[in-house]
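A.B. asks: My structure is stored as target.pdb, with PDB, C-alpha atoms.
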```
MODEL        1
ATOM      1  CA  MET N   1     -30.736 -36.832 -15.134
ATOM      2  CA  ILE N   2     -29.498 -33.253 -15.400
ATOM      3  CA  THR N   3     -26.059 -32.514 -13.952
ATOM      4  CA  ILE N   4     -24.163 -29.336 -13.171
ATOM      5  CA  GLU N   5     -22.501 -29.613 -16.590
ATOM      6  CA  ASP N   6     -25.894 -29.181 -18.227
ATOM      7  CA  ILE N   7     -26.602 -25.842 -16.539
ATOM      8  CA  LEU N   8     -23.105 -24.317 -16.601
ATOM      9  CA  PRO N   9     -23.553 -22.660 -20.028
ATOM     10  CA  THR N  10     -26.717 -20.959 -18.762
ATOM     11  CA  LEU N  11     -25.023 -19.834 -15.544
ATOM     12  CA  HIS N  12     -22.068 -18.511 -17.545
ATOM     13  CA  GLU N  13     -24.414 -16.512 -19.754
ATOM     14  CA  LEU N  14     -26.265 -15.137 -16.743
ATOM     15  CA  PHE N  15     -23.275 -14.148 -14.568
ATOM     16  CA  ILE N  16     -20.612 -13.309 -17.136
ATOM     17  CA  GLU N  17     -22.551 -11.960 -20.118
ATOM     18  CA  LYS N  18     -25.860 -10.547 -18.766
ATOM     19  CA  LEU N  19     -24.929  -9.307 -15.274
ATOM     20  CA  PRO N  20     -22.808  -6.326 -16.457
ATOM     21  CA  LEU N  21     -25.912  -4.902 -18.149
ATOM     22  CA  TYR N  22     -27.847  -5.049 -14.872
ATOM     23  CA  ILE N  23     -24.953  -3.498 -12.962
ATOM     24  CA  GLU N  24     -25.099  -0.594 -15.409
ATOM     25  CA  LYS N  25     -28.891  -0.347 -14.932
ATOM     26  CA  ILE N  26     -28.496  -0.197 -11.139
ATOM     27  CA  ASN N  27     -25.931   2.618 -11.492
ATOM     28  CA  LYS N  28     -28.307   4.612 -13.715
ATOM     29  CA  GLU N  29     -31.276   3.868 -11.448
ATOM     30  CA  LYS N  30     -29.560   5.094  -8.274
ATOM     31  CA  ASN N  31     -27.540   7.938  -9.831
ATOM     32  CA  ASP N  32     -26.196   9.051  -6.433
ATOM     33  CA  GLY N  33     -22.457   9.136  -7.068
ATOM     34  CA  ILE N  34     -21.811   5.588  -5.865
ATOM     35  CA  ILE N  35     -20.871   3.557  -8.909
ATOM     36  CA  ILE N  36     -20.408  -0.184  -8.800
ATOM     37  CA  LEU N  37     -18.079  -1.589 -11.426
ATOM     38  CA  PRO N  38     -18.646  -4.720 -13.493
ATOM     39  CA  PHE N  39     -17.021  -7.836 -12.066
ATOM     40  CA  GLU N  40     -13.564  -8.700 -13.396
ATOM     41  CA  ASN N  41     -14.403 -12.416 -13.684
ATOM     42  CA  LYS N  42     -14.054 -13.913 -17.158
ATOM     43  CA  THR N  43     -15.364 -17.359 -16.126
ATOM     44  CA  LEU N  44     -17.554 -18.645 -13.309
ATOM     45  CA  PHE N  45     -14.938 -20.579 -11.369
ATOM     46  CA  GLU N  46     -11.769 -18.561 -11.893
ATOM     47  CA  ASN N  47      -9.780 -17.369  -8.910
ATOM     48  CA  CYS N  48     -10.027 -13.714  -9.882
ATOM     49  CA  GLN N  49      -7.493 -11.394  -8.249
ATOM     50  CA  LYS N  50      -8.730  -8.051  -9.595
ATOM     51  CA  LEU N  51     -11.504  -6.327  -7.669
ATOM     52  CA  PRO N  52     -14.451  -6.290  -7.823
ATOM     53  CA  CYS N  53     -14.971  -9.979  -8.430
ATOM     54  CA  PHE N  54     -17.072 -12.860  -7.241
ATOM     55  CA  LYS N  55     -16.424 -16.376  -6.083
ATOM     56  CA  PHE N  56     -18.966 -18.832  -7.430
ATOM     57  CA  GLU N  57     -19.372 -22.156  -5.643
ATOM     58  CA  MET N  58     -21.753 -25.080  -5.853
ATOM     59  CA  LEU N  59     -22.557 -26.254  -2.334
ATOM     60  CA  GLU N  60     -24.750 -29.272  -3.002
ATOM     61  CA  ALA N  61     -27.220 -30.937  -5.303
ATOM     62  CA  GLU N  62     -30.297 -32.514  -3.766
ATOM     63  CA  TYR N  63     -32.523 -35.062  -5.377
ATOM     64  CA  SER N  64     -35.104 -35.857  -2.692
ATOM     65  CA  GLU N  65     -37.984 -38.298  -2.953
ATOM     66  CA  LYS N  66     -40.398 -35.460  -3.668
ATOM     67  CA  ASP N  67     -38.056 -34.130  -6.348
ATOM     68  CA  ARG N  68     -37.797 -37.558  -7.962
ATOM     69  CA  ILE N  69     -41.567 -37.678  -8.322
ATOM     70  CA  ILE N  70     -41.756 -34.289 -10.039
ATOM     71  CA  GLU N  71     -38.366 -34.826 -11.716
ATOM     72  CA  ASN N  72     -36.545 -31.861 -10.135
ATOM     73  CA  ILE N  73     -32.981 -31.468  -8.978
ATOM     74  CA  VAL N  74     -32.186 -28.669  -6.530
ATOM     75  CA  PHE N  75     -28.688 -27.197  -6.795
ATOM     76  CA  GLU N  76     -27.518 -24.949  -3.983
ATOM     77  CA  PHE N  77     -24.999 -22.253  -4.899
ATOM     78  CA  MET N  78     -23.149 -19.507  -3.095
ATOM     79  CA  THR N  79     -21.762 -16.360  -4.655
ATOM     80  CA  GLU N  80     -19.321 -14.339  -2.584
ATOM     81  CA  ILE N  81     -18.901 -10.739  -3.677
ATOM     82  CA  LYS N  82     -15.455  -9.222  -3.187
ATOM     83  CA  THR N  83     -15.124  -5.439  -3.352
ATOM     84  CA  LYS N  84     -12.315  -3.042  -2.538
ATOM     85  CA  THR N  85     -11.318  -3.260   1.121
ATOM     86  CA  ASN N  86     -11.488  -0.433   3.655
ATOM     87  CA  ASN N  87     -14.187   1.343   1.701
ATOM     88  CA  ILE N  88     -16.996   3.079   3.599
ATOM     89  CA  THR N  89     -19.456   2.219   0.859
ATOM     90  CA  ASP N  90     -18.664  -1.550   0.884
ATOM     91  CA  ASN N  91     -22.078  -2.496   2.300
ATOM     92  CA  ILE N  92     -23.862  -0.310  -0.220
ATOM     93  CA  ASP N  93     -21.741  -1.794  -3.015
ATOM     94  CA  VAL N  94     -22.504  -5.367  -1.952
ATOM     95  CA  TYR N  95     -26.246  -4.753  -1.768
ATOM     96  CA  ARG N  96     -26.250  -3.074  -5.150
ATOM     97  CA  TYR N  97     -24.475  -6.092  -6.612
ATOM     98  CA  VAL N  98     -27.062  -8.293  -4.901
ATOM     99  CA  LYS N  99     -29.818  -6.202  -6.451
ATOM    100  CA  ALA N 100     -28.207  -6.494  -9.908
ATOM    101  CA  ILE N 101     -27.889 -10.273  -9.517
ATOM    102  CA  ASP N 102     -31.482 -10.524  -8.306
ATOM    103  CA  LYS N 103     -32.763  -8.473 -11.239
ATOM    104  CA  SER N 104     -30.762 -10.471 -13.751
ATOM    105  CA  ILE N 105     -32.084 -13.726 -12.287
ATOM    106  CA  LYS N 106     -35.687 -12.501 -12.292
ATOM    107  CA  ASN N 107     -35.457 -11.222 -15.860
ATOM    108  CA  TYR N 108     -33.641 -14.253 -17.224
ATOM    109  CA  ASN N 109     -35.871 -16.277 -19.509
ATOM    110  CA  SER N 110     -35.130 -19.937 -19.047
ATOM    111  CA  LYS N 111     -37.588 -22.703 -19.548
ATOM    112  CA  PHE N 112     -35.697 -25.155 -17.365
ATOM    113  CA  LEU N 113     -34.090 -23.125 -14.578
ATOM    114  CA  ASP N 114     -35.862 -21.651 -11.558
ATOM    115  CA  PHE N 115     -33.685 -19.390  -9.367
ATOM    116  CA  LYS N 116     -34.582 -18.606  -5.767
ATOM    117  CA  ILE N 117     -32.408 -16.464  -3.497
ATOM    118  CA  LYS N 118     -32.539 -18.106  -0.066
ATOM    119  CA  LYS N 119     -30.338 -15.927   2.093
ATOM    120  CA  ILE N 120     -27.891 -13.043   2.037
ATOM    121  CA  ASN N 121     -25.193 -13.065   4.684
ATOM    122  CA  LYS N 122     -22.809 -10.083   4.593
ATOM    123  CA  ASN N 123     -21.202 -10.423   1.150
ATOM    124  CA  LYS N 124     -22.499 -13.914   0.339
ATOM    125  CA  ILE N 125     -25.645 -14.810  -1.574
ATOM    126  CA  TYR N 126     -27.085 -18.293  -1.166
ATOM    127  CA  TYR N 127     -29.595 -19.479  -3.711
ATOM    128  CA  ASN N 128     -31.202 -22.555  -5.134
ATOM    129  CA  ILE N 129     -31.491 -23.421  -8.763
ATOM    130  CA  ILE N 130     -34.264 -25.889  -9.446
ATOM    131  CA  VAL N 131     -33.934 -27.832 -12.655
TER     132      VAL N 131
ENDMDL
END
```
What would you get if you wrote out this structure as structure tokens?

C.D. replies:
Amino acid sequence: MITIEDILPTLHELFIEKLPLYIEKINKEKNDGIIILPFENKTLFENCQKLPCFKFEMLEAEYSEKDRIIENIVFEFMTEIKTKTNNITDNIDVYRYVKAIDKSIKNYNSKFLDFKIKKINKNKIYYNIIV
């Protein structure tokens, strides 16, 4: 059975190593004067104090009867995006980060991970990773 430990290296690569490239692509794509900065996080689960940063949290792992038959485990994660406070462009910043995360997930080539964004609530992204 696959555990969270098995997918952590892939998640680290996706969020720490690949995501800054997509943030840069979003900035070039929009080119409207609003620039989002790469996250200050150096690891997935650090309590980063510098902004912008993200809080990465595993909410649950589900292994339902249906999943047992097709040998899937569904991990539910939440990523909270923290930007500078009292900034008029905060909402724009958050949605550009969401777009960068979405693009990096969609373009990530993994034979054993399937990412699906379920919901976005203010500055939090909820998604499933099916292994």

A.B. asks: Report as an MDAnalysis selection string all protein, DNA and RNA residues lying within 9 Å of segment 43-52 of chain N, evaluated on only C-alpha atoms, omitting residues in the same chain fewer than 3 positions from it.

C.D. replies: chainID N and resid 8 11:12 15:16 36:40 55:57 81:84

A.B. asks: How many Å lie between atom CA of Ala100 of chain N and atom CA of Tyr22 of chain N, rounded to one decimal?

C.D. replies: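 About the pair atom CA of Ala100 of chain N and atom CA of Tyr22 of chain N: they are 5.2 Å apart.
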
A.B. asks: For Asn72 of chain N, which of N:Leu113, N:Pro20, N:Leu14, N:Asn107 is the closest residue, counting only C-alpha atoms?

C.D. replies: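 Of all the options, N:Leu113 lies closest to Asn72 of chain N.
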
A.B. asks: Please indicate the distance in Å from atom CA of Asn121 of chain N to atom CA of Leu59 of chain N, rounded to one decimal place.

C.D. replies: 15.2 Å

A.B. asks: If you measure from atom CA of Tyr127 of chain N to atom CA of Tyr97 of chain N, what distance in Å do you get, rounded to one decimal?

C.D. replies: 14.6 Å

A.B. asks: Using all atoms listed in the file, which of the listed residues (N:Asp32, N:Lys119, N:Asn27, N:Ile125) sits closest to Ile101 of chain N?

C.D. replies: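 With all atoms listed in the file as the atom set, the closest residue is N:Ile125.
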
A.B. asks: For Lys25 of chain N, which residue among N:Ile120, N:Tyr126, N:Arg96, N:Tyr108 is the nearest when counting all atoms listed in the file?

C.D. replies: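 Closest to Lys25 of chain N of all the choices is N:Arg96.
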
A.B. asks: Using all atoms listed in the file for the distances, tell me which of N:Val74, N:Val98, N:Ile105, N:Ile26 is nearest to Lys124 of chain N.

C.D. replies: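 The closest residue to Lys124 of chain N is N:Val98.
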
A.B. asks: Residues near Ile35 of chain N, anyone? I mean within 10 Å using all atoms listed in the file, not counting same-chain ones fewer than 5 positions away, as a list in words.

C.D. replies: Ile23, Glu24, Ile26, Asn27, Lys28, Lys30, Thr89, Ile92, Asp93 and Arg96 of chain N

A.B. asks: Could you list, as a PDB file with C-alpha atoms, in the frame of the given file, every residue matched by the PyMOL selection byres ((chain N and resi 61) around 10) in this structure?

C.D. replies:
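File written: out-v9.pdb
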```
ATOM      1  CA  THR N   3     -26.059 -32.514 -13.952  1.00  0.00           C
ATOM      2  CA  ILE N   4     -24.163 -29.336 -13.171  1.00  0.00           C
ATOM      3  CA  MET N  58     -21.753 -25.080  -5.853  1.00  0.00           C
ATOM      4  CA  LEU N  59     -22.557 -26.254  -2.334  1.00  0.00           C
ATOM      5  CA  GLU N  60     -24.750 -29.272  -3.002  1.00  0.00           C
ATOM      6  CA  GLU N  62     -30.297 -32.514  -3.766  1.00  0.00           C
ATOM      7  CA  TYR N  63     -32.523 -35.062  -5.377  1.00  0.00           C
ATOM      8  CA  SER N  64     -35.104 -35.857  -2.692  1.00  0.00           C
ATOM      9  CA  ILE N  73     -32.981 -31.468  -8.978  1.00  0.00           C
ATOM     10  CA  VAL N  74     -32.186 -28.669  -6.530  1.00  0.00           C
ATOM     11  CA  PHE N  75     -28.688 -27.197  -6.795  1.00  0.00           C
ATOM     12  CA  GLU N  76     -27.518 -24.949  -3.983  1.00  0.00           C
ATOM     13  CA  PHE N  77     -24.999 -22.253  -4.899  1.00  0.00           C
ATOM     14  CA  ASN N 128     -31.202 -22.555  -5.134  1.00  0.00           C
ATOM     15  CA  ILE N 129     -31.491 -23.421  -8.763  1.00  0.00           C
ATOM     16  CA  ILE N 130     -34.264 -25.889  -9.446  1.00  0.00           C
TER      17      ILE N 130
END
```
